>>> print(open('target31.cif').read())   # mmCIF, C-alpha atoms (C1' of nucleotides)
data_final
loop_
_atom_site.label_atom_id
_atom_site.label_comp_id
_atom_site.auth_asym_id
_atom_site.auth_seq_id
_atom_site.Cartn_x
_atom_site.Cartn_y
_atom_site.Cartn_z
CA MET L 1 19.86 14.32 1.91
CA SER L 2 17.42 13.00 4.47
CA PRO L 3 18.04 14.24 8.00
CA GLY L 4 17.19 10.75 9.29
CA LEU L 5 16.75 9.95 12.94
CA ARG L 6 18.82 12.18 15.17
CA THR L 7 20.38 9.07 16.67
CA GLU L 8 22.24 7.92 13.52
CA ARG L 9 25.84 7.44 14.41
CA ALA L 10 28.45 9.46 12.51
CA ASP L 11 30.33 6.47 11.09
CA ALA L 12 27.05 4.87 10.06
CA ALA L 13 26.04 7.97 8.09
CA ARG L 14 29.49 8.20 6.51
CA ASN L 15 29.31 4.56 5.42
CA ARG L 16 25.78 4.90 4.08
CA LEU L 17 26.82 7.79 1.87
CA ALA L 18 29.99 6.00 0.80
CA ILE L 19 27.97 2.96 -0.22
CA LEU L 20 25.42 4.97 -2.18
CA ALA L 21 28.15 6.95 -3.92
CA ALA L 22 30.12 3.83 -4.79
CA ALA L 23 26.95 2.11 -6.05
CA GLU L 24 26.14 5.08 -8.27
CA ARG L 25 29.65 4.99 -9.69
CA LEU L 26 29.72 1.22 -10.30
CA LEU L 27 26.28 1.34 -11.91
CA HIS L 28 27.56 3.97 -14.28
CA GLU L 29 30.72 2.05 -15.17
CA ARG L 30 29.30 -1.49 -15.37
CA GLY L 31 25.58 -2.20 -15.51
CA ALA L 32 23.38 -3.04 -12.52
CA GLU L 33 23.49 -6.69 -13.53
CA GLU L 34 27.30 -6.89 -13.38
CA MET L 35 27.73 -5.20 -10.01
CA THR L 36 28.20 -7.71 -7.21
CA MET L 37 27.72 -6.95 -3.55
CA ASP L 38 31.35 -7.88 -2.85
CA GLN L 39 32.61 -5.43 -5.44
CA LEU L 40 30.37 -2.75 -4.02
CA ALA L 41 31.49 -3.35 -0.44
CA CYS L 42 35.09 -3.22 -1.59
CA ALA L 43 34.60 -0.09 -3.69
CA ALA L 44 32.84 1.65 -0.82
CA GLY L 45 35.60 0.63 1.58
CA VAL L 46 33.27 -1.14 3.99
CA GLY L 47 32.67 -4.75 5.00
CA LYS L 48 29.95 -6.81 3.46
CA GLY L 49 28.13 -7.01 6.78
CA THR L 50 27.79 -3.23 6.80
CA LEU L 51 26.27 -3.28 3.36
CA PHE L 52 23.60 -5.79 4.31
CA ARG L 53 22.98 -4.26 7.71
CA ARG L 54 22.06 -0.96 6.07
CA PHE L 55 20.09 -2.14 3.05
CA GLY L 56 18.81 -5.59 3.95
CA ASP L 57 19.27 -7.13 0.54
CA ARG L 58 20.33 -6.44 -3.00
CA ALA L 59 16.88 -5.42 -4.27
CA SER L 60 16.42 -2.96 -1.42
CA LEU L 61 19.70 -1.29 -2.27
CA PHE L 62 18.39 -0.55 -5.74
CA HIS L 63 15.15 0.70 -4.24
CA ALA L 64 17.18 3.06 -2.08
CA LEU L 65 18.95 4.36 -5.18
CA LEU L 66 15.61 4.91 -6.90
CA ASP L 67 14.03 6.43 -3.83
CA GLU L 68 14.77 10.09 -4.55
CA ARG L 69 13.57 9.97 -8.15
CA GLU L 70 10.55 7.89 -7.12
CA ARG L 71 9.65 10.47 -4.49
CA ALA L 72 9.85 13.25 -7.07
CA LEU L 73 7.65 11.24 -9.41
CA GLN L 74 4.99 10.79 -6.74
CA GLU L 75 5.16 14.46 -5.90
CA ARG L 76 4.47 15.29 -9.54
CA PHE L 77 1.30 13.25 -9.86
CA ILE L 78 -0.04 14.01 -6.38
CA ARG L 79 0.62 17.74 -6.13
CA GLY L 80 2.18 18.75 -9.43
CA PRO L 81 0.63 20.73 -12.29
CA ALA L 82 -2.14 19.40 -14.52
CA PRO L 83 -2.70 17.29 -16.51
CA LEU L 84 -0.62 14.94 -14.36
CA GLY L 85 -1.49 16.53 -11.03
CA PRO L 86 -4.87 17.72 -9.75
CA GLY L 87 -6.94 19.80 -12.12
CA GLY L 88 -7.71 17.63 -15.10
CA SER L 89 -10.31 14.94 -15.66
CA PRO L 90 -9.52 11.44 -14.38
CA ARG L 91 -9.03 10.33 -17.95
CA GLU L 92 -6.53 13.09 -18.73
CA ARG L 93 -4.69 12.37 -15.51
CA LEU L 94 -4.52 8.63 -16.20
CA VAL L 95 -3.20 9.20 -19.69
CA ALA L 96 -0.58 11.60 -18.33
CA TYR L 97 0.26 9.17 -15.55
CA GLY L 98 0.96 6.40 -18.04
CA ARG L 99 3.18 8.64 -20.15
CA GLU L 100 5.07 9.69 -17.06
CA ILE L 101 5.63 6.08 -15.97
CA LEU L 102 6.74 5.11 -19.47
CA ASP L 103 9.27 7.95 -19.47
CA PHE L 104 10.44 6.96 -16.02
CA ILE L 105 11.00 3.38 -17.14
CA GLU L 106 12.77 4.60 -20.26
CA GLU L 107 15.33 6.38 -18.07
CA GLN L 108 15.58 4.01 -15.12
CA HIS L 109 15.00 0.58 -16.60
CA GLY L 110 18.33 -0.78 -15.44
CA LEU L 111 17.69 0.04 -11.81
CA LEU L 112 14.00 -0.86 -12.02
CA LEU L 113 14.68 -4.35 -13.33
CA ALA L 114 17.42 -4.90 -10.79
CA ALA L 115 15.09 -3.79 -8.00
CA GLU L 116 12.50 -6.30 -9.17
CA THR L 117 14.37 -9.48 -8.29
CA GLY L 118 12.73 -10.19 -4.94
CA LEU L 119 11.24 -13.68 -4.93
CA LEU L 120 7.79 -13.17 -3.48
CA GLY L 121 5.54 -10.74 -5.33
CA GLY L 122 8.37 -8.41 -6.33
CA ARG L 123 7.23 -4.82 -6.18
CA LEU L 124 3.64 -5.74 -5.30
CA ARG L 125 4.25 -5.75 -1.59
CA HIS L 126 6.51 -2.70 -1.56
CA PRO L 127 5.00 0.49 -0.05
CA VAL L 128 5.73 2.34 -3.29
CA TYR L 129 3.32 0.05 -5.10
CA GLY L 130 0.63 0.89 -2.58
CA ALA L 131 1.01 4.61 -3.28
CA HIS L 132 0.67 4.16 -7.03
CA ARG L 133 -2.23 1.79 -6.56
CA ALA L 134 -4.04 4.25 -4.30
CA HIS L 135 -3.53 7.05 -6.82
CA VAL L 136 -4.81 5.11 -9.82
CA SER L 137 -7.67 3.61 -7.85
CA ALA L 138 -8.73 7.07 -6.67
CA LEU L 139 -8.78 8.38 -10.24
CA LEU L 140 -10.89 5.41 -11.31
CA GLY L 141 -13.19 6.10 -8.37
CA GLU L 142 -13.60 9.69 -9.58
CA ALA L 143 -14.41 8.30 -13.00
CA GLY L 144 -17.34 6.42 -11.53
CA TYR L 145 -16.04 2.99 -10.67
CA GLU L 146 -17.19 1.34 -7.45
CA ALA L 147 -14.34 0.89 -4.94
CA GLU L 148 -13.63 -2.80 -5.37
CA GLN L 149 -13.57 -2.71 -9.16
CA ALA L 150 -11.46 0.47 -9.01
CA ASP L 151 -8.88 -1.35 -6.90
CA TYR L 152 -8.91 -4.28 -9.27
CA LEU L 153 -8.50 -2.10 -12.34
CA ALA L 154 -5.70 -0.21 -10.65
CA ASP L 155 -3.80 -3.47 -10.31
CA VAL L 156 -4.49 -4.26 -13.96
CA LEU L 157 -3.36 -0.85 -15.19
CA LEU L 158 -0.23 -0.96 -13.07
CA ALA L 159 0.50 -4.44 -14.40
CA ALA L 160 0.26 -2.97 -17.90
CA LEU L 161 2.97 -0.47 -16.87
CA ALA L 162 5.18 -2.95 -15.03
CA PRO L 163 8.85 -2.42 -15.89
CA PRO L 164 9.58 -5.99 -17.05
CA LEU L 165 6.61 -5.91 -19.43
CA ILE L 166 7.47 -2.49 -20.84
CA VAL L 167 11.10 -3.44 -21.32
CA HIS L 168 10.01 -6.60 -23.09
CA GLN L 169 7.67 -4.70 -25.39
CA ARG L 170 10.32 -2.10 -26.14
CA GLY L 171 13.19 -4.53 -26.62
CA VAL L 172 12.05 -7.96 -27.74
CA LEU L 173 8.84 -6.93 -29.49
CA GLY L 174 10.36 -3.77 -30.93
CA ARG L 175 7.56 -1.39 -29.96
CA SER L 176 8.52 2.28 -29.91
CA ALA L 177 7.92 4.50 -26.90
CA ALA L 178 5.39 6.44 -28.96
CA GLN L 179 3.47 3.28 -29.87
CA LEU L 180 3.25 2.25 -26.24
CA ALA L 181 2.05 5.70 -25.20
CA HIS L 182 -0.59 5.59 -27.92
CA SER L 183 -1.79 2.10 -26.96
CA TRP L 184 -1.96 3.16 -23.33
CA GLU L 185 -4.09 6.14 -24.26
CA GLN L 186 -6.51 3.94 -26.19
CA LEU L 187 -6.70 1.53 -23.27
CA VAL L 188 -7.51 4.31 -20.82
CA ALA L 189 -10.06 5.73 -23.24
CA ARG L 190 -11.81 2.36 -23.31
CA LEU L 191 -11.95 2.09 -19.55
CA VAL L 192 -12.79 5.68 -18.59
CA ASP L 193 -15.76 7.66 -20.00
CA MET D 194 5.10 -40.03 -21.74
CA SER D 195 6.65 -38.35 -24.75
CA PRO D 196 8.37 -40.77 -27.13
CA GLY D 197 11.11 -38.21 -27.56
CA LEU D 198 13.83 -38.45 -30.18
CA ARG D 199 14.63 -42.05 -31.07
CA THR D 200 18.24 -41.39 -30.11
CA GLU D 201 17.65 -40.85 -26.38
CA ARG D 202 19.91 -43.20 -24.48
CA ALA D 203 18.36 -45.64 -22.04
CA ASP D 204 20.16 -44.33 -18.94
CA ALA D 205 19.27 -40.78 -19.90
CA ALA D 206 15.58 -41.64 -20.11
CA ARG D 207 15.74 -43.52 -16.81
CA ASN D 208 17.39 -40.57 -15.11
CA ARG D 209 14.94 -38.08 -16.57
CA LEU D 210 12.02 -40.04 -15.18
CA ALA D 211 13.76 -40.55 -11.84
CA ILE D 212 14.35 -36.80 -11.56
CA LEU D 213 10.77 -35.89 -12.43
CA ALA D 214 9.41 -38.50 -10.02
CA ALA D 215 11.69 -37.37 -7.21
CA ALA D 216 10.80 -33.74 -7.87
CA GLU D 217 7.10 -34.53 -7.73
CA ARG D 218 7.62 -36.30 -4.43
CA LEU D 219 9.76 -33.58 -2.84
CA LEU D 220 7.33 -30.89 -3.96
CA HIS D 221 4.56 -32.80 -2.24
CA GLU D 222 6.49 -33.26 1.00
CA ARG D 223 8.17 -29.86 1.27
CA GLY D 224 7.08 -26.88 -0.85
CA ALA D 225 8.69 -25.83 -4.12
CA GLU D 226 10.49 -23.08 -2.25
CA GLU D 227 12.24 -25.46 0.16
CA MET D 228 13.47 -27.95 -2.43
CA THR D 229 17.10 -27.41 -3.34
CA MET D 230 18.73 -28.79 -6.45
CA ASP D 231 21.21 -30.74 -4.31
CA GLN D 232 18.41 -32.44 -2.41
CA LEU D 233 16.66 -33.27 -5.65
CA ALA D 234 19.78 -34.72 -7.27
CA CYS D 235 20.36 -36.80 -4.16
CA ALA D 236 16.73 -37.97 -3.92
CA ALA D 237 16.72 -38.92 -7.60
CA GLY D 238 20.01 -40.77 -7.17
CA VAL D 239 21.81 -38.77 -9.85
CA GLY D 240 24.62 -36.23 -9.89
CA LYS D 241 23.97 -32.54 -9.98
CA GLY D 242 25.52 -32.29 -13.41
CA THR D 243 22.89 -34.65 -14.78
CA LEU D 244 20.13 -32.51 -13.33
CA PHE D 245 21.37 -29.35 -15.00
CA ARG D 246 22.31 -31.08 -18.23
CA ARG D 247 18.69 -32.22 -18.66
CA PHE D 248 16.80 -29.18 -17.46
CA GLY D 249 19.15 -26.24 -17.88
CA ASP D 250 18.17 -24.42 -14.74
CA ARG D 251 15.85 -24.47 -11.77
CA ALA D 252 13.03 -22.53 -13.41
CA SER D 253 13.05 -24.82 -16.45
CA LEU D 254 12.67 -27.84 -14.22
CA PHE D 255 9.45 -26.40 -12.85
CA HIS D 256 8.32 -25.60 -16.37
CA ALA D 257 8.93 -29.24 -17.28
CA LEU D 258 6.78 -30.32 -14.34
CA LEU D 259 4.01 -27.98 -15.46
CA ASP D 260 4.36 -28.95 -19.09
CA GLU D 261 1.77 -31.73 -19.21
CA ARG D 262 -0.92 -29.73 -17.43
CA GLU D 263 -0.06 -26.65 -19.47
CA ARG D 264 -0.42 -28.62 -22.67
CA ALA D 265 -3.84 -29.88 -21.58
CA LEU D 266 -4.87 -26.33 -20.76
CA GLN D 267 -3.87 -25.09 -24.19
CA GLU D 268 -5.69 -27.98 -25.81
CA ARG D 269 -8.84 -26.98 -23.97
CA PHE D 270 -8.92 -23.39 -25.14
CA ILE D 271 -7.72 -24.09 -28.67
CA ARG D 272 -9.74 -27.17 -29.56
CA GLY D 273 -11.95 -27.89 -26.55
CA PRO D 274 -15.71 -27.35 -26.16
CA ALA D 275 -17.33 -23.91 -25.98
CA PRO D 276 -17.45 -21.49 -24.31
CA LEU D 277 -13.69 -21.92 -23.77
CA GLY D 278 -12.95 -23.47 -27.13
CA PRO D 279 -14.20 -22.45 -30.58
CA GLY D 280 -17.91 -21.78 -30.89
CA GLY D 281 -18.69 -18.87 -28.61
CA SER D 282 -18.28 -15.15 -29.11
CA PRO D 283 -14.86 -13.65 -28.42
CA ARG D 284 -16.24 -12.10 -25.27
CA GLU D 285 -17.59 -15.40 -23.95
CA ARG D 286 -14.34 -17.12 -24.80
CA LEU D 287 -12.24 -14.45 -23.08
CA VAL D 288 -14.36 -14.63 -19.94
CA ALA D 289 -14.05 -18.42 -19.94
CA TYR D 290 -10.33 -18.15 -20.61
CA GLY D 291 -9.83 -15.95 -17.57
CA ARG D 292 -11.82 -18.29 -15.34
CA GLU D 293 -9.78 -21.20 -16.60
CA ILE D 294 -6.49 -19.44 -15.89
CA LEU D 295 -7.67 -18.41 -12.44
CA ASP D 296 -8.57 -22.04 -11.67
CA PHE D 297 -5.23 -23.19 -13.04
CA ILE D 298 -3.37 -20.75 -10.78
CA GLU D 299 -5.49 -21.79 -7.83
CA GLU D 300 -4.26 -25.36 -8.24
CA GLN D 301 -0.70 -24.81 -9.44
CA HIS D 302 0.38 -21.60 -7.73
CA GLY D 303 3.32 -23.21 -5.99
CA LEU D 304 4.87 -24.46 -9.20
CA LEU D 305 3.89 -21.37 -11.16
CA LEU D 306 5.62 -19.00 -8.76
CA ALA D 307 8.69 -21.21 -8.62
CA ALA D 308 8.83 -21.30 -12.42
CA GLU D 309 8.74 -17.51 -12.49
CA THR D 310 12.15 -16.83 -10.96
CA GLY D 311 14.12 -16.32 -14.18
CA LEU D 312 15.91 -12.97 -14.06
CA LEU D 313 15.10 -11.43 -17.41
CA GLY D 314 11.45 -11.07 -18.30
CA GLY D 315 10.34 -14.22 -16.48
CA ARG D 316 7.61 -15.98 -18.42
CA LEU D 317 7.41 -13.23 -21.07
CA ARG D 318 10.06 -14.78 -23.28
CA HIS D 319 8.95 -18.37 -22.75
CA PRO D 320 7.22 -20.05 -25.76
CA VAL D 321 4.21 -20.81 -23.57
CA TYR D 322 3.60 -17.08 -23.16
CA GLY D 323 3.63 -16.69 -26.92
CA ALA D 324 0.88 -19.27 -27.32
CA HIS D 325 -1.37 -17.58 -24.77
CA ARG D 326 -0.63 -14.19 -26.25
CA ALA D 327 -1.51 -15.38 -29.75
CA HIS D 328 -4.76 -16.86 -28.51
CA VAL D 329 -5.92 -13.77 -26.63
CA SER D 330 -4.77 -11.48 -29.41
CA ALA D 331 -6.70 -13.52 -31.99
CA LEU D 332 -9.89 -13.29 -29.92
CA LEU D 333 -9.44 -9.53 -29.62
CA GLY D 334 -8.90 -9.39 -33.37
CA GLU D 335 -12.19 -11.23 -33.89
CA ALA D 336 -13.78 -8.69 -31.59
CA GLY D 337 -12.75 -5.92 -33.95
CA TYR D 338 -9.43 -4.65 -32.66
CA GLU D 339 -6.72 -3.77 -35.13
CA ALA D 340 -3.72 -6.10 -34.92
CA GLU D 341 -1.27 -3.88 -33.03
CA GLN D 342 -3.76 -2.83 -30.38
CA ALA D 343 -4.94 -6.45 -30.09
CA ASP D 344 -1.38 -7.55 -29.35
CA TYR D 345 -0.98 -4.79 -26.81
CA LEU D 346 -4.24 -5.61 -25.07
CA ALA D 347 -3.32 -9.28 -25.02
CA ASP D 348 -0.21 -8.37 -23.03
CA VAL D 349 -2.31 -6.27 -20.69
CA LEU D 350 -4.90 -8.98 -20.13
CA LEU D 351 -2.26 -11.62 -19.57
CA ALA D 352 -0.54 -9.29 -17.10
CA ALA D 353 -3.85 -9.08 -15.25
CA LEU D 354 -3.80 -12.88 -14.99
CA ALA D 355 -0.12 -13.21 -14.10
CA PRO D 356 0.41 -15.72 -11.30
CA PRO D 357 2.29 -13.36 -8.92
CA LEU D 358 -0.45 -10.75 -9.19
CA ILE D 359 -3.27 -13.24 -8.69
CA VAL D 360 -1.54 -14.84 -5.74
CA HIS D 361 -1.02 -11.39 -4.24
CA GLN D 362 -4.67 -10.46 -4.72
CA ARG D 363 -5.85 -13.77 -3.28
CA GLY D 364 -3.44 -13.85 -0.34
CA VAL D 365 -2.35 -10.38 0.75
CA LEU D 366 -5.40 -8.44 -0.40
CA GLY D 367 -7.81 -11.20 0.61
CA ARG D 368 -9.86 -11.27 -2.59
CA SER D 369 -11.85 -14.45 -3.12
CA ALA D 370 -11.60 -16.49 -6.29
CA ALA D 371 -15.20 -15.53 -7.09
CA GLN D 372 -14.43 -11.81 -6.70
CA LEU D 373 -11.51 -12.08 -9.09
CA ALA D 374 -13.58 -13.99 -11.64
CA HIS D 375 -16.28 -11.34 -11.41
CA SER D 376 -13.84 -8.45 -11.77
CA TRP D 377 -12.26 -10.17 -14.76
CA GLU D 378 -15.65 -10.53 -16.40
CA GLN D 379 -16.38 -6.84 -15.93
CA LEU D 380 -12.99 -5.95 -17.36
CA VAL D 381 -13.55 -8.09 -20.45
CA ALA D 382 -17.05 -6.63 -20.84
CA ARG D 383 -15.55 -3.15 -20.87
CA LEU D 384 -13.00 -4.02 -23.51
CA VAL D 385 -15.05 -6.23 -25.84
CA ASP D 386 -18.42 -5.18 -27.40
"C1'" DG C 387 30.79 -61.09 -28.34
"C1'" DC C 388 34.46 -57.24 -28.79
"C1'" DA C 389 36.30 -52.78 -30.13
"C1'" DT C 390 35.35 -47.99 -30.58
"C1'" DG C 391 33.46 -43.38 -30.45
"C1'" DT C 392 30.66 -40.48 -27.92
"C1'" DA C 393 26.51 -39.06 -25.20
"C1'" DG C 394 25.89 -38.84 -20.79
"C1'" DC C 395 27.37 -39.00 -15.92
"C1'" DG C 396 28.72 -37.17 -11.33
"C1'" DG C 397 30.66 -34.67 -7.95
"C1'" DA C 398 34.34 -31.37 -6.92
"C1'" DC C 399 34.49 -26.57 -7.78
"C1'" DT C 400 33.17 -21.63 -8.37
"C1'" DG C 401 30.71 -17.27 -7.80
"C1'" DT C 402 27.33 -14.80 -5.34
"C1'" DG C 403 23.78 -13.40 -2.06
"C1'" DG C 404 23.17 -13.31 2.61
"C1'" DT C 405 24.38 -14.46 7.87
"C1'" DC C 406 27.02 -14.49 12.20
"C1'" DC C 407 29.57 -13.05 15.91
"C1'" DG C 408 33.63 -11.31 18.28
"C1'" DC C 409 35.72 -6.77 18.05
"C1'" DT C 410 35.72 -1.57 17.55
"C1'" DT C 411 34.29 2.85 18.48
"C1'" DA C 412 30.93 6.51 18.76
"C1'" DA C 413 27.85 8.54 22.03
"C1'" DT C 414 26.55 9.38 26.85
"C1'" DC C 415 27.10 10.25 31.67
"C1'" DG C 416 29.48 11.31 35.86
"C1'" DC Z 417 38.28 13.36 30.87
"C1'" DG Z 418 37.78 8.09 31.81
"C1'" DA Z 419 34.29 4.49 32.27
"C1'" DT Z 420 30.38 2.29 30.32
"C1'" DT Z 421 27.40 0.41 26.87
"C1'" DA Z 422 25.48 -0.77 22.91
"C1'" DA Z 423 25.24 0.46 17.92
"C1'" DG Z 424 27.85 -0.58 14.33
"C1'" DC Z 425 31.61 -2.92 11.92
"C1'" DG Z 426 33.86 -6.43 8.95
"C1'" DG Z 427 35.26 -10.45 7.06
"C1'" DA Z 428 35.07 -15.45 7.78
"C1'" DC Z 429 31.48 -18.35 6.89
"C1'" DC Z 430 27.29 -20.74 4.84
"C1'" DA Z 431 23.81 -22.25 1.35
"C1'" DC Z 432 22.66 -22.65 -3.03
"C1'" DA Z 433 22.52 -22.28 -8.25
"C1'" DG Z 434 25.11 -23.34 -11.88
"C1'" DT Z 435 29.85 -25.06 -14.34
"C1'" DC Z 436 33.61 -28.17 -15.65
"C1'" DC Z 437 35.96 -32.06 -16.99
"C1'" DG Z 438 37.84 -36.67 -16.44
"C1'" DC Z 439 35.45 -41.02 -16.32
"C1'" DT Z 440 31.59 -44.45 -17.45
"C1'" DA Z 441 28.78 -47.16 -20.08
"C1'" DC Z 442 25.51 -47.13 -23.83
"C1'" DA Z 443 24.80 -47.75 -28.73
"C1'" DT Z 444 26.75 -49.20 -33.06
"C1'" DG Z 445 29.63 -51.74 -36.52
"C1'" DC Z 446 32.16 -55.75 -37.13
#
>>> encode(input="target31.cif", output="structure tokens")
Amino acid sequence: MSPGLRTERADAARNRLAILAAAERLLHERGAEEMTMDQLACAAGVGKGTLFRRFGDRASLFHALLDERERALQERFIRGPAPLGPGGSPRERLVAYGREILDFIEEQHGLLLAAETGLLGGRLRHPVYGAHRAHVSALLGEAGYEAEQADYLADVLLAALAPPLIVHQRGVLGRSAAQLAHSWEQLVARLVD
Amino acid sequence: MSPGLRTERADAARNRLAILAAAERLLHERGAEEMTMDQLACAAGVGKGTLFRRFGDRASLFHALLDERERALQERFIRGPAPLGPGGSPRERLVAYGREILDFIEEQHGLLLAAETGLLGGRLRHPVYGAHRAHVSALLGEAGYEAEQADYLADVLLAALAPPLIVHQRGVLGRSAAQLAHSWEQLVARLVD
DNA sequence: GCATGTAGCGGACTGTGGTCCGCTTAATCG
DNA sequence: CGATTAAGCGGACCACAGTCCGCTACATGC
């Protein structure tokens, strides 16, 4: 996949791929919740130390698994076709952005929740959050908000699309995906224009 | 404090108070993060089993410690004086509500973050969340929103006031308490009236 | 008081995330 | 090639949350 630094040792690369492949398989068989790091190390045929050396901690492993799809998602709203990508009004783009995130959560909620279990701040301090925040804030800036309020509102809008909240609304509260998309659209309409 | 059920055994009550007192003390000396359940059991002079029998898990212990202050907070916005309590317009009450929550987080952030570490949904499925949600949703209803959108917006507004987000904005992003209060007011102004 | 049933106790135990450190082995250089 | 070196390996180990179950002692009826 990624060429990586030229100095990655052959066995290291082999193990990294083995771990990712084994993780993918275990996630498919059991859920993310049931997969333990010991099981994964065993299934990948590596020691536990190797696992943690490569991925740091459990949450980061899930981030690594999401990485490819996350990258594609970012590509779509930064350089993809309108209304999600450049070309539409800020309002159209924000509405499309929300729909896209809701779809993404619909497909990846298992991984997303599992990746969320870092104690301090969760996803807030992850670089990925910064990219989304910058995007939303820029759209709000285009829509006429002053920079500081745009940043603030970006945090608010992203909080409204946070995986744990969406999953709660979908599952516990019984909201349909369509209802959430509609409510999001009304929210954006209130804030932009 | 609470009279409790008449059938609470004397030793049980004694232990409950000892645990809460010891927890309060340890939290003051070390932080919430550094306090382990073993230490607490030891400091309170009880077995670990007793600790978990009474409080269920670590997060619930912190909820119990917050309970009194949380109850007082709810009392203030449900039955207290305006503009927080009944008497003002929905918009005034929502602005005051946000300020109150921001103050509350400012004082209790240690406990609030520690109480947040439940895997599934965090505070979303706690009864306390339901009370806040009902309050905010009712105010939005008064302001003219239809019930479903009011519920949705209540979730969004509460997400904007979630302790991890506020702590992140205050600490990492360097926003002042006054800036956050101001941004909140602008947000409410956009959504109500 | 004393017997009796049971709520509550406590600490040994378990499962899991994460660390440590002596050993292995891939890459590099002569 | 063989020697050198350090990146990488792996599994024993640790800390901590949460469980289990035989024992204790509180409340209740006599």
>>> resolve_selection(input="target31.cif", expression="the PyMOL selection byres ((chain C) within 8 of (chain D))", output="compact mmCIF listing (two decimals) with C-alpha atoms (C1' of nucleotides), in the frame of the given file")
# COMPACT_ATOMS: atom_id res chain seq x y z
C1' DA C 393 26.51 -39.06 -25.20
C1' DG C 394 25.89 -38.84 -20.79
C1' DC C 395 27.37 -39.00 -15.92
C1' DG C 396 28.72 -37.17 -11.33
C1' DG C 397 30.66 -34.67 -7.95
>>> resolve_selection(input="target31.cif", expression="the PyMOL selection byres ((chain D and resi 369-381) around 8)", output="JSON, numbers by chain")
{"L": [149, 152, 153], "D": [284, 287, 288, 291, 292, 295, 363, 367, 368, 382, 383, 384, 385]}
>>> closest_residue(input="target31.cif", among="L:Glu148, L:Gly87, L:Leu124, L:Val136", to="Ile359 (chain D)", atoms="only C-alpha atoms")
L:Leu124
>>> residues_around(input="target31.cif", residues="DA389 (chain C)", least_positions_apart="2", cutoff="10 Å", atoms="all atoms listed in the file", output="list in words")
DG391 of chain C; DG445 and DC446 of chain Z
>>> residues_around(input="target31.cif", residues="Gly141 (chain L)", least_positions_apart="5", cutoff="9 Å", atoms="only C-alpha atoms (C1' of nucleotides)", output="CSV table (one decimal) with C-alpha atoms, in the frame of the given file")
chain,number,residue,atom,x,y,z
L,90,PRO,CA,-9.5,11.4,-14.4
L,136,VAL,CA,-4.8,5.1,-9.8
L,146,GLU,CA,-17.2,1.3,-7.4
L,147,ALA,CA,-14.3,0.9,-4.9
L,149,GLN,CA,-13.6,-2.7,-9.2
L,150,ALA,CA,-11.5,0.5,-9.0
L,151,ASP,CA,-8.9,-1.4,-6.9
>>> closest_residue(input="target31.cif", among="C:DC409, C:DT390, C:DG404, C:DC415", to="Asp57 (chain L)", atoms="all atoms listed in the file")
C:DG404
>>> residues_around(input="target31.cif", residues="region 418-422 of chain Z", least_positions_apart="5", cutoff="12 Å", atoms="all atoms listed in the file", output="ChimeraX atom specification")
/L:9 /C:410-416
>>> resolve_selection(input="target31.cif", expression="the PyMOL selection byres ((chain L) within 6 of (chain D))", output="list in words")
Gly121, Val156, Ala159, Ala160 and Pro164 of chain L
>>> interface_residues(input="target31.cif", of="chain Z", to="chain L", cutoff="8 Å", atoms="all atoms listed in the file", output="ChimeraX atom specification")
/Z:423-427
>>> atom_distance(input="target31.cif", atom1="C1' of DG403 (chain C)", atom2="CA of Glu222 (chain D)")
26.5 Å
>>> atom_distance(input="target31.cif", atom1="CA of Thr36 (chain L)", atom2="C1' of DT402 (chain C)")
7.4 Å
>>> residues_near_point(input="target31.cif", point="(-5.1, -18.7, -24.2)", cutoff="10 Å", atoms="all atoms listed in the file", output="number ranges by chain")
D: 266-271, 277-278, 286-287, 289-291, 293-294, 321-332, 347, 351
>>> residues_around(input="target31.cif", residues="region 254-264 of chain D", least_positions_apart="6", cutoff="7 Å", atoms="only C-alpha atoms (C1' of nucleotides)", output="PDB file with C-alpha atoms, in the coordinates of the input")
ATOM      1  CA  PHE D 248      16.800 -29.180 -17.460  1.00  0.00           C
ATOM      2  CA  LEU D 304       4.870 -24.460  -9.200  1.00  0.00           C
ATOM      3  CA  ALA D 307       8.690 -21.210  -8.620  1.00  0.00           C
ATOM      4  CA  ALA D 308       8.830 -21.300 -12.420  1.00  0.00           C
TER       5      ALA D 308
END
>>> residues_around(input="target31.cif", residues="DT392 (chain C)", least_positions_apart="4", cutoff="12 Å", atoms="all atoms listed in the file", output="short mmCIF file (atom, residue, chain, number, x, y, z; two decimals) with C-alpha atoms (C1' of nucleotides), in the coordinates of the input")
data_model
loop_
_atom_site.label_atom_id
_atom_site.label_comp_id
_atom_site.auth_asym_id
_atom_site.auth_seq_id
_atom_site.Cartn_x
_atom_site.Cartn_y
_atom_site.Cartn_z
CA ARG D 202 19.91 -43.20 -24.48
"C1'" DT Z 440 31.59 -44.45 -17.45
"C1'" DA Z 441 28.78 -47.16 -20.08
"C1'" DC Z 442 25.51 -47.13 -23.83
"C1'" DA Z 443 24.80 -47.75 -28.73
"C1'" DT Z 444 26.75 -49.20 -33.06
#
>>> atom_distance(input="target31.cif", atom1="C1' of DA428 (chain Z)", atom2="CA of Ala18 (chain L)")
23.1 Å
>>> closest_residue(input="target31.cif", among="D:Ala237, D:Ala203, D:Leu213, D:Leu220", to="Ser253 (chain D)", atoms="all atoms listed in the file")
D:Leu213
